[in-house]
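Engineer: Below is the file my_file.tsv, with TSV, C-alpha atoms and all ligand atoms.
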```
chain	number	residue	atom	x	y	z
A	1	MET	CA	-58.47	8.36	-11.93
A	2	GLU	CA	-57.74	9.11	-8.34
A	3	PHE	CA	-56.27	12.58	-8.11
A	4	ILE	CA	-57.43	15.85	-9.58
A	5	TYR	CA	-56.00	19.34	-9.37
A	6	PHE	CA	-58.31	21.58	-7.37
A	7	ASN	CA	-57.50	25.14	-6.35
A	8	GLY	CA	-53.81	24.72	-5.73
A	9	ARG	CA	-53.78	21.13	-4.47
A	10	PHE	CA	-53.76	17.59	-5.83
A	11	ILE	CA	-56.59	15.81	-4.04
A	12	PRO	CA	-58.80	12.74	-4.53
A	13	GLU	CA	-61.77	13.61	-6.74
A	14	SER	CA	-64.21	12.73	-3.96
A	15	GLU	CA	-62.77	15.51	-1.79
A	16	ALA	CA	-63.41	18.30	-4.33
A	17	LYS	CA	-66.48	20.22	-3.19
A	18	ILE	CA	-68.36	23.16	-4.68
A	19	SER	CA	-71.36	24.83	-3.08
A	20	VAL	CA	-74.74	24.44	-4.78
A	21	LYS	CA	-74.82	28.26	-4.59
A	22	ASN	CA	-71.64	28.46	-6.66
A	23	LYS	CA	-72.04	31.08	-9.37
A	24	THR	CA	-70.53	28.98	-12.15
A	25	PHE	CA	-72.82	26.09	-11.25
A	26	ASN	CA	-75.84	28.40	-11.35
A	27	TYR	CA	-75.13	30.37	-14.53
A	28	GLY	CA	-72.42	28.59	-16.50
A	29	LEU	CA	-70.00	31.48	-15.99
A	30	GLY	CA	-66.68	29.79	-16.56
A	31	ALA	CA	-64.34	28.48	-19.22
A	32	ILE	CA	-63.14	25.02	-20.11
A	33	GLU	CA	-60.57	23.26	-22.24
A	34	GLY	CA	-60.33	19.78	-23.67
A	35	ILE	CA	-56.87	18.28	-24.15
A	36	ARG	CA	-55.70	14.83	-25.19
A	37	GLY	CA	-52.83	12.73	-24.00
A	38	TYR	CA	-51.58	9.80	-26.08
A	39	TRP	CA	-49.66	6.90	-24.63
A	40	ASN	CA	-46.86	5.62	-26.86
A	41	GLU	CA	-46.10	2.05	-25.77
A	42	GLU	CA	-42.90	1.75	-27.79
A	43	GLN	CA	-41.45	4.99	-26.46
A	44	GLN	CA	-42.93	4.43	-22.98
A	45	ASP	CA	-44.09	8.04	-22.86
A	46	LEU	CA	-47.32	10.01	-22.63
A	47	TYR	CA	-47.60	12.88	-25.11
A	48	LEU	CA	-49.86	15.83	-24.37
A	49	PHE	CA	-50.90	17.42	-27.64
A	50	ARG	CA	-50.46	21.19	-28.12
A	51	LEU	CA	-50.69	21.74	-24.37
A	52	GLU	CA	-49.49	25.35	-24.47
A	53	ASP	CA	-51.97	26.27	-27.20
A	54	HIS	CA	-54.84	24.83	-25.17
A	55	TYR	CA	-53.82	26.78	-22.08
A	56	GLN	CA	-53.29	29.97	-24.07
A	57	ARG	CA	-56.86	29.55	-25.35
A	58	LEU	CA	-58.07	28.98	-21.78
A	59	LEU	CA	-56.42	32.21	-20.63
A	60	ASN	CA	-57.92	34.03	-23.63
A	61	SER	CA	-61.37	32.71	-22.71
A	62	CYS	CA	-60.79	33.79	-19.10
A	63	LYS	CA	-59.82	37.28	-20.25
A	64	VAL	CA	-63.14	37.77	-22.01
A	65	LEU	CA	-64.99	36.46	-18.95
A	66	PHE	CA	-62.99	38.55	-16.41
A	67	ILE	CA	-61.88	35.32	-14.74
A	68	ASN	CA	-58.45	36.20	-13.40
A	69	ILE	CA	-57.00	32.82	-12.57
A	70	PRO	CA	-53.48	33.46	-11.27
A	71	TYR	CA	-51.54	31.13	-13.54
A	72	THR	CA	-49.29	31.51	-16.56
A	73	VAL	CA	-49.44	29.10	-19.51
A	74	LYS	CA	-46.16	27.63	-18.31
A	75	GLU	CA	-47.51	27.00	-14.81
A	76	LEU	CA	-50.68	25.41	-16.19
A	77	CYS	CA	-48.57	23.08	-18.33
A	78	GLU	CA	-46.40	22.12	-15.35
A	79	ILE	CA	-49.42	21.42	-13.16
A	80	THR	CA	-50.88	19.20	-15.87
A	81	VAL	CA	-47.68	17.22	-16.33
A	82	GLU	CA	-47.51	16.79	-12.55
A	83	LEU	CA	-51.11	15.56	-12.47
A	84	MET	CA	-50.27	12.92	-15.07
A	85	LYS	CA	-47.30	11.74	-13.00
A	86	ILE	CA	-49.25	11.65	-9.74
A	87	ASN	CA	-51.88	9.49	-11.43
A	88	LYS	CA	-49.18	7.40	-13.17
A	89	VAL	CA	-51.08	7.74	-16.46
A	90	ARG	CA	-49.95	5.16	-19.01
A	91	ARG	CA	-52.79	5.19	-21.53
A	92	ASP	CA	-54.71	7.55	-23.83
A	93	ILE	CA	-56.64	10.14	-21.82
A	94	TYR	CA	-58.75	13.27	-22.09
A	95	ILE	CA	-57.96	16.20	-19.80
A	96	ARG	CA	-60.56	18.75	-18.72
A	97	PRO	CA	-59.43	22.03	-17.13
A	98	ILE	CA	-62.21	24.28	-15.79
A	99	ALA	CA	-61.74	27.91	-14.74
A	100	PHE	CA	-64.63	28.97	-12.55
A	101	ILE	CA	-65.90	31.60	-10.16
A	102	ASN	CA	-65.36	30.24	-6.69
A	103	LEU	CA	-68.09	32.12	-4.85
A	104	PRO	CA	-71.55	31.24	-3.55
A	105	SER	CA	-73.42	34.17	-5.09
A	106	LEU	CA	-76.49	34.41	-7.26
A	107	ARG	CA	-75.69	37.77	-8.80
A	108	PRO	CA	-74.99	37.05	-12.47
A	109	ASP	CA	-72.07	39.45	-12.88
A	110	LEU	CA	-68.52	38.50	-13.83
A	111	PHE	CA	-66.65	40.77	-11.43
A	112	GLN	CA	-65.52	38.50	-8.66
A	113	THR	CA	-62.63	38.22	-6.31
A	114	GLU	CA	-62.33	34.49	-6.02
A	115	TYR	CA	-61.54	32.21	-8.88
A	116	GLY	CA	-61.07	28.50	-9.02
A	117	LEU	CA	-59.23	26.10	-11.27
A	118	THR	CA	-59.70	22.38	-11.49
A	119	ILE	CA	-58.13	19.90	-13.87
A	120	PHE	CA	-59.31	16.32	-14.07
A	121	ILE	CA	-58.73	13.31	-16.25
A	122	GLU	CA	-61.35	11.34	-18.16
A	123	GLU	CA	-61.24	8.22	-20.26
A	124	THR	CA	-61.13	9.10	-23.95
A	125	SER	CA	-64.50	8.53	-25.54
A	126	TYR	CA	-64.51	6.97	-28.96
A	127	VAL	CA	-67.06	7.78	-31.63
A	128	GLY	CA	-67.39	4.05	-32.23
A	129	LYS	CA	-67.90	4.42	-35.99
A	130	PRO	CA	-65.34	4.99	-38.74
A	131	ALA	CA	-67.61	7.62	-40.38
A	132	VAL	CA	-70.76	9.50	-39.41
A	133	ASN	CA	-73.99	10.96	-40.77
A	134	ALA	CA	-74.79	14.57	-39.97
A	135	MET	CA	-77.70	16.95	-40.29
A	136	ILE	CA	-78.10	20.71	-40.39
A	137	SER	CA	-79.55	21.79	-37.06
A	138	SER	CA	-82.50	24.14	-36.77
A	139	TRP	CA	-80.55	25.76	-33.90
A	140	LEU	CA	-78.32	28.55	-35.21
A	141	ARG	CA	-74.75	28.96	-33.91
A	142	ILE	CA	-74.19	31.51	-31.14
A	143	GLU	CA	-72.49	34.64	-32.42
A	144	SER	CA	-70.02	37.23	-31.16
A	145	SER	CA	-72.77	39.71	-30.31
A	146	THR	CA	-74.50	37.19	-28.02
A	147	ILE	CA	-72.15	34.53	-26.63
A	148	PRO	CA	-68.72	34.77	-28.29
A	149	PRO	CA	-68.13	31.43	-30.04
A	150	THR	CA	-64.33	31.89	-29.93
A	151	VAL	CA	-64.55	31.64	-26.15
A	152	LYS	CA	-64.81	28.11	-24.80
A	153	SER	CA	-67.36	29.20	-22.24
A	154	ILE	CA	-69.38	26.72	-20.22
A	155	GLY	CA	-72.62	28.59	-20.96
A	156	GLY	CA	-71.97	28.43	-24.69
A	157	TYR	CA	-72.26	24.65	-24.58
A	158	LEU	CA	-76.02	24.90	-24.17
A	159	ASN	CA	-76.06	25.84	-27.85
A	160	SER	CA	-74.01	22.74	-28.70
A	161	ALA	CA	-76.13	20.50	-26.47
A	162	LEU	CA	-79.41	21.62	-28.04
A	163	ALA	CA	-78.14	20.99	-31.56
A	164	TYR	CA	-76.44	17.69	-30.74
A	165	SER	CA	-79.50	16.40	-28.87
A	166	GLN	CA	-81.74	17.31	-31.78
A	167	ALA	CA	-79.44	15.39	-34.13
A	168	ILE	CA	-79.46	12.30	-31.92
A	169	ALA	CA	-83.25	12.49	-31.47
A	170	GLU	CA	-83.67	12.63	-35.24
A	171	GLY	CA	-81.44	9.62	-35.90
A	172	SER	CA	-78.31	11.45	-36.98
A	173	ASP	CA	-74.83	11.29	-35.43
A	174	GLU	CA	-73.92	14.96	-35.33
A	175	ALA	CA	-75.35	18.44	-35.87
A	176	ILE	CA	-73.96	21.13	-38.15
A	177	PHE	CA	-74.78	24.74	-37.31
A	178	LEU	CA	-75.66	27.49	-39.76
A	179	THR	CA	-75.01	31.15	-39.08
A	180	ARG	CA	-77.84	33.67	-39.15
A	181	GLU	CA	-76.81	34.43	-42.78
A	182	GLY	CA	-77.21	30.75	-43.68
A	183	ASN	CA	-73.54	29.84	-43.98
A	184	ILE	CA	-72.05	26.67	-42.57
A	185	SER	CA	-70.44	27.36	-39.21
A	186	GLU	CA	-69.26	24.20	-37.43
A	187	ALA	CA	-70.57	21.04	-35.79
A	188	SER	CA	-71.75	20.90	-32.17
A	189	THR	CA	-68.25	20.35	-30.79
A	190	ASN	CA	-66.09	20.05	-33.91
A	191	ASN	CA	-64.89	22.17	-36.80
A	192	LEU	CA	-65.80	21.25	-40.36
A	193	PHE	CA	-63.79	20.85	-43.56
A	194	MET	CA	-64.96	19.97	-47.04
A	195	VAL	CA	-63.06	18.96	-50.15
A	196	LYS	CA	-64.07	20.52	-53.45
A	197	ASN	CA	-62.08	20.29	-56.69
A	198	GLY	CA	-59.13	18.94	-54.74
A	199	GLU	CA	-59.01	21.96	-52.38
A	200	LEU	CA	-59.84	22.10	-48.71
A	201	LEU	CA	-62.50	24.61	-47.64
A	202	THR	CA	-63.39	25.53	-44.07
A	203	PRO	CA	-65.54	28.32	-42.57
A	204	PRO	CA	-63.69	31.42	-41.33
A	205	LEU	CA	-63.71	32.68	-37.73
A	206	ALA	CA	-66.29	35.28	-38.79
A	207	ASP	CA	-68.78	32.44	-39.28
A	208	ASN	CA	-68.92	31.91	-35.52
A	209	ILE	CA	-66.61	28.97	-35.08
A	210	LEU	CA	-64.38	28.05	-32.18
A	211	GLU	CA	-60.81	28.43	-33.45
A	212	GLY	CA	-60.04	24.75	-33.12
A	213	ILE	CA	-56.52	23.57	-32.40
A	214	THR	CA	-57.15	20.44	-34.46
A	215	ARG	CA	-58.42	22.68	-37.27
A	216	ASP	CA	-55.18	24.64	-37.15
A	217	THR	CA	-53.16	21.41	-37.10
A	218	ILE	CA	-55.00	20.04	-40.14
A	219	MET	CA	-54.56	23.31	-42.05
A	220	GLU	CA	-50.82	23.13	-41.48
A	221	ILE	CA	-50.34	19.48	-42.38
A	222	ALA	CA	-52.66	19.71	-45.40
A	223	GLU	CA	-50.43	22.39	-46.88
A	224	LYS	CA	-47.05	21.07	-45.74
A	225	GLU	CA	-47.52	17.33	-46.15
A	226	PHE	CA	-50.00	17.15	-49.03
A	227	SER	CA	-49.57	20.50	-50.82
A	228	LEU	CA	-53.30	21.05	-50.53
A	229	GLN	CA	-54.65	24.56	-50.82
A	230	VAL	CA	-56.73	25.47	-47.77
A	231	ASN	CA	-59.31	28.23	-48.15
A	232	GLU	CA	-61.16	29.78	-45.25
A	233	MET	CA	-64.37	30.92	-46.88
A	234	ASN	CA	-68.13	31.26	-46.39
A	235	ILE	CA	-69.82	28.00	-47.30
A	236	PRO	CA	-73.53	28.27	-48.16
A	237	ARG	CA	-75.59	25.27	-47.01
A	238	ALA	CA	-76.14	23.60	-50.38
A	239	GLU	CA	-72.41	23.75	-51.17
A	240	LEU	CA	-71.91	21.04	-48.58
A	241	TYR	CA	-73.95	18.57	-50.60
A	242	PHE	CA	-71.58	19.04	-53.57
A	243	ALA	CA	-68.47	18.23	-51.54
A	244	SER	CA	-66.45	15.22	-52.61
A	245	GLU	CA	-65.43	14.71	-48.97
A	246	ILE	CA	-66.37	16.21	-45.60
A	247	PHE	CA	-64.75	15.65	-42.22
A	248	PHE	CA	-64.95	17.06	-38.71
A	249	THR	CA	-61.94	17.96	-36.59
A	250	GLY	CA	-61.67	18.24	-32.81
A	251	THR	CA	-59.53	17.11	-29.92
A	252	ALA	CA	-62.04	14.41	-29.01
A	253	VAL	CA	-62.99	13.13	-32.50
A	254	GLU	CA	-59.57	13.84	-34.07
A	255	VAL	CA	-60.36	13.61	-37.82
A	256	LEU	CA	-63.83	12.17	-38.32
A	257	PRO	CA	-65.18	11.41	-41.82
A	258	VAL	CA	-68.73	12.53	-42.65
A	259	ILE	CA	-70.35	10.45	-45.39
A	260	ASN	CA	-73.89	11.79	-45.37
A	261	VAL	CA	-75.47	15.19	-44.68
A	262	ASP	CA	-79.22	15.71	-44.55
A	263	LYS	CA	-79.72	12.25	-46.07
A	264	ARG	CA	-77.57	13.11	-49.08
A	265	SER	CA	-74.48	10.99	-49.74
A	266	ILE	CA	-71.26	12.94	-49.77
A	267	GLY	CA	-69.06	12.11	-52.76
A	268	THR	CA	-69.02	8.35	-53.22
A	269	GLY	CA	-70.70	7.87	-49.85
A	270	LYS	CA	-67.48	6.31	-48.58
A	271	ILE	CA	-64.52	7.74	-46.68
A	272	GLY	CA	-62.47	9.77	-49.19
A	273	PRO	CA	-58.71	9.60	-49.90
A	274	ILE	CA	-57.87	13.12	-48.70
A	275	THR	CA	-59.65	12.53	-45.40
A	276	THR	CA	-57.87	9.18	-45.00
A	277	ASN	CA	-54.44	10.72	-45.60
A	278	LEU	CA	-55.00	13.63	-43.22
A	279	GLN	CA	-56.40	11.33	-40.56
A	280	ARG	CA	-53.46	8.94	-40.81
A	281	THR	CA	-50.90	11.74	-40.60
A	282	TYR	CA	-52.74	13.44	-37.74
A	283	LEU	CA	-52.75	10.22	-35.70
A	284	GLN	CA	-49.05	9.63	-36.35
A	285	ILE	CA	-48.25	13.13	-35.13
A	286	VAL	CA	-50.34	13.10	-31.94
A	287	LYS	CA	-49.07	9.66	-30.94
A	288	GLY	CA	-45.45	10.76	-31.27
A	289	ASN	CA	-44.69	8.75	-34.39
A	290	ASN	CA	-43.75	11.65	-36.67
A	291	GLY	CA	-40.48	13.38	-35.86
A	292	GLN	CA	-41.37	16.52	-37.85
A	293	TYR	CA	-43.92	17.75	-35.35
A	294	THR	CA	-42.49	16.98	-31.92
A	295	ARG	CA	-42.74	20.71	-31.07
A	296	TRP	CA	-46.48	20.09	-30.61
A	297	LEU	CA	-45.92	17.35	-28.02
A	298	THR	CA	-45.24	17.64	-24.30
A	299	PRO	CA	-43.66	14.36	-23.14
A	300	VAL	CA	-44.69	13.59	-19.55
A	301	TYR	CA	-41.98	11.11	-18.65
A	302	GLY	CA	-39.22	11.78	-21.19
A	401	LIG	C1	-67.74	24.23	-30.51
A	401	LIG	C2	-66.45	23.56	-30.80
A	401	LIG	N1	-65.89	23.69	-32.01
A	401	LIG	C3	-64.72	23.09	-32.31
A	401	LIG	C4	-64.04	22.33	-31.39
A	401	LIG	C5	-62.73	21.70	-31.75
A	401	LIG	O1	-61.68	22.40	-31.12
A	401	LIG	P1	-60.29	21.69	-30.82
A	401	LIG	O2	-59.80	21.18	-32.11
A	401	LIG	O3	-59.43	22.78	-30.29
A	401	LIG	O4	-60.56	20.61	-29.85
A	401	LIG	C6	-64.58	22.15	-30.11
A	401	LIG	C7	-63.90	21.35	-29.10
A	401	LIG	O5	-63.25	21.87	-28.25
A	401	LIG	C8	-65.82	22.79	-29.80
A	401	LIG	O6	-66.36	22.67	-28.59
```
What would the structure in this file look like if it were written as structure tokens?
Ligand SMILES: Cc1ncc(COP(=O)(O)O)c(C=O)c1O

Structural biologist:
Amino acid sequence: MEFIYFNGRFIPESEAKISVKNKTFNYGLGAIEGIRGYWNEEQQDLYLFRLEDHYQRLLNSCKVLFINIPYTVKELCEITVELMKINKVRRDIYIRPIAFINLPSLRPDLFQTEYGLTIFIEETSYVGKPAVNAMISSWLRIESSTIPPTVKSIGGYLNSALAYSQAIAEGSDEAIFLTREGNISEASTNNLFMVKNGELLTPPLADNILEGITRDTIMEIAEKEFSLQVNEMNIPRAELYFASEIFFTGTAVEVLPVINVDKRSIGTGKIGPITTNLQRTYLQIVKGNNGQYTRWLTPVYG
């Protein structure tokens, strides 16, 4: 992709420069988002999924971090649509906004006068497998009293990276965090759902999860489209092994079936019917093929 948004201008990526003394680069003091765009060939349009919700979450993260980027949600959405047009995007993409402190300073405080915003486009990365194996990480999830997990802070991703790297090193596909109390929290960069007795269970915000936009989407369509009861509740570790189905949700992985946790098969060991239905409906919605949920889509060209 040629152009990125960088501090008020659309410029070629190679022209975007940040000092090695930049505070965000040194300490991870900044906030990010991850947004998807889906190209619909039939409709000849690019749909950005829940754009406003992602930018509202970015501004919420910035509030906690005292990063006063001077943009409204509406302006951020307009800039993003413009960026898509400038790059003539006509395929599925991943969008990464970063709010950062734009100062060369090594003092690790958050009170700054200069803030930066960049938005760039990446290729979507595919998991490459229809279903994954996961393991419980020995790294616990960050918590509100240390690094608030509801904030999509750059520094917080060290926690995710440690757990994910451990999982990969140990031959698994993904890591699941526990809380200090031993409850299931979430995966390294995804929320978690399990099916038990035909109901959908997912950890509550109090168990140190990021309040995922995909999670919220799945909760709504599970109830509306499939009349499934969704319960936000504490899930002790061993409960996971009894699940008939487990899946992860996230902008990047969408709905991703989990068929094995800690070397224990989940349910039949195959992708379950509830996961399949939710995944199918989710993909229809994000790609613009379900008229009921167009309020979640920002068309770039239409
Ligand atoms: C830690 C963590 N949990 C959950 C999610 C899923 O959130 P969303 O569905 O909003 O992409 C993400 C991805 O952004 C994440 O980084």

Engineer: Just want the residues within 9 Å of ligand LIG 401 (chain A), written as an mmCIF file with C-alpha atoms, in the frame of the given file, counting all atoms listed in the file.

Structural biologist:
```
data_model
loop_
_atom_site.group_PDB
_atom_site.id
_atom_site.type_symbol
_atom_site.label_atom_id
_atom_site.label_comp_id
_atom_site.auth_asym_id
_atom_site.auth_seq_id
_atom_site.Cartn_x
_atom_site.Cartn_y
_atom_site.Cartn_z
ATOM 1 C CA ILE A 32 -63.140 25.020 -20.110
ATOM 2 C CA GLU A 33 -60.570 23.260 -22.240
ATOM 3 C CA GLY A 34 -60.330 19.780 -23.670
ATOM 4 C CA ILE A 35 -56.870 18.280 -24.150
ATOM 5 C CA ARG A 36 -55.700 14.830 -25.190
ATOM 6 C CA ASP A 53 -51.970 26.270 -27.200
ATOM 7 C CA HIS A 54 -54.840 24.830 -25.170
ATOM 8 C CA ARG A 57 -56.860 29.550 -25.350
ATOM 9 C CA PRO A 149 -68.130 31.430 -30.040
ATOM 10 C CA THR A 150 -64.330 31.890 -29.930
ATOM 11 C CA LYS A 152 -64.810 28.110 -24.800
ATOM 12 C CA GLY A 156 -71.970 28.430 -24.690
ATOM 13 C CA TYR A 157 -72.260 24.650 -24.580
ATOM 14 C CA ASN A 159 -76.060 25.840 -27.850
ATOM 15 C CA SER A 160 -74.010 22.740 -28.700
ATOM 16 C CA GLU A 186 -69.260 24.200 -37.430
ATOM 17 C CA ALA A 187 -70.570 21.040 -35.790
ATOM 18 C CA SER A 188 -71.750 20.900 -32.170
ATOM 19 C CA THR A 189 -68.250 20.350 -30.790
ATOM 20 C CA ASN A 190 -66.090 20.050 -33.910
ATOM 21 C CA ASN A 191 -64.890 22.170 -36.800
ATOM 22 C CA LEU A 192 -65.800 21.250 -40.360
ATOM 23 C CA ILE A 209 -66.610 28.970 -35.080
ATOM 24 C CA LEU A 210 -64.380 28.050 -32.180
ATOM 25 C CA GLU A 211 -60.810 28.430 -33.450
ATOM 26 C CA GLY A 212 -60.040 24.750 -33.120
ATOM 27 C CA ILE A 213 -56.520 23.570 -32.400
ATOM 28 C CA THR A 214 -57.150 20.440 -34.460
ATOM 29 C CA ARG A 215 -58.420 22.680 -37.270
ATOM 30 C CA ASP A 216 -55.180 24.640 -37.150
ATOM 31 C CA THR A 217 -53.160 21.410 -37.100
ATOM 32 C CA PHE A 248 -64.950 17.060 -38.710
ATOM 33 C CA THR A 249 -61.940 17.960 -36.590
ATOM 34 C CA GLY A 250 -61.670 18.240 -32.810
ATOM 35 C CA THR A 251 -59.530 17.110 -29.920
ATOM 36 C CA ALA A 252 -62.040 14.410 -29.010
ATOM 37 C CA VAL A 253 -62.990 13.130 -32.500
ATOM 38 C CA GLU A 254 -59.570 13.840 -34.070
#
```

Engineer: Kindly assemble as JSON lines a list of the region 149-190 of chain A residues that lie within 12 Å of region 263-287 of chain A, each paired with its nearest atom pair and their distance in Å to one decimal, using only C-alpha atoms, sorted first by chain and then by ascending residue number.

Structural biologist:
```
{"residue": "A:Glu170", "atom": "CA", "partner": "A:Lys263", "partner_atom": "CA", "distance": 11.5}
{"residue": "A:Gly171", "atom": "CA", "partner": "A:Lys263", "partner_atom": "CA", "distance": 10.6}
{"residue": "A:Ser172", "atom": "CA", "partner": "A:Lys263", "partner_atom": "CA", "distance": 9.2}
{"residue": "A:Asp173", "atom": "CA", "partner": "A:Lys263", "partner_atom": "CA", "distance": 11.7}
```

Engineer: Which residue gives the smallest distance to Pro70 (chain A) among A:Glu114, A:Glu42, A:Glu232, A:Glu123, with only C-alpha atoms counted?

Structural biologist: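 Smallest separation from Pro70 (chain A) among the options: A:Glu114.
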
Engineer: Could you build a table of the residues in region 165-188 of chain A lying no more than 6 Å from region 136-148 of chain A, giving for each the nearest pair of atoms and their separation in Å rounded to one decimal place, using only C-alpha atoms, ordered by chain and ascending residue number, as CSV?

Structural biologist:
```
residue,atom,partner,partner_atom,distance
A:Ala175,CA,A:Ser137,CA,5.5
A:Ile176,CA,A:Ile136,CA,4.7
A:Phe177,CA,A:Arg141,CA,5.4
A:Leu178,CA,A:Leu140,CA,5.4
A:Thr179,CA,A:Arg141,CA,5.6
```

Engineer: Using only C-alpha atoms, which protein or nucleic acid residues come within 9 Å of Glu82 (chain A)? Drop anything in the same chain fewer than 5 positions from it, and give the result as a list in words.

Structural biologist: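 Contacts, in chain order: Cys77, Asn87 and Val300 of chain A.
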
Engineer: A:Gly291, A:Pro12, A:Gly128, A:Gly28: which is nearest Leu65 (chain A), counting only C-alpha atoms?

Structural biologist: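 Going through A:Gly291, A:Pro12, A:Gly128, A:Gly28 one by one, the smallest distance to Leu65 (chain A) is for A:Gly28.
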
Engineer: If we draw a sphere of 6 Å around (-56.3, 25.0, -19.1), which residues have at least one atom in it when counting all atoms listed in the file? Please report them as a VMD selection string.

Structural biologist: chain A and resid 33 55 58 97

Engineer: Closest to Ile221 (chain A) among A:Thr113, A:Ser14, A:Ser19, A:Gln292, using all atoms listed in the file?

Structural biologist: A:Gln292

Engineer: Have a look at CA of Val64 (chain A) and CA of Leu110 (chain A) and let me know their distance in Å, one decimal.

Structural biologist: 9.8 Å

Engineer: Rank nothing, just name the residue among A:Tyr38, A:Phe193, A:Phe120, A:Trp296 nearest to Pro257 (chain A), using all atoms listed in the file.

Structural biologist: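 Once distances to Pro257 (chain A) are computed over all atoms listed in the file, the minimum belongs to A:Phe193.
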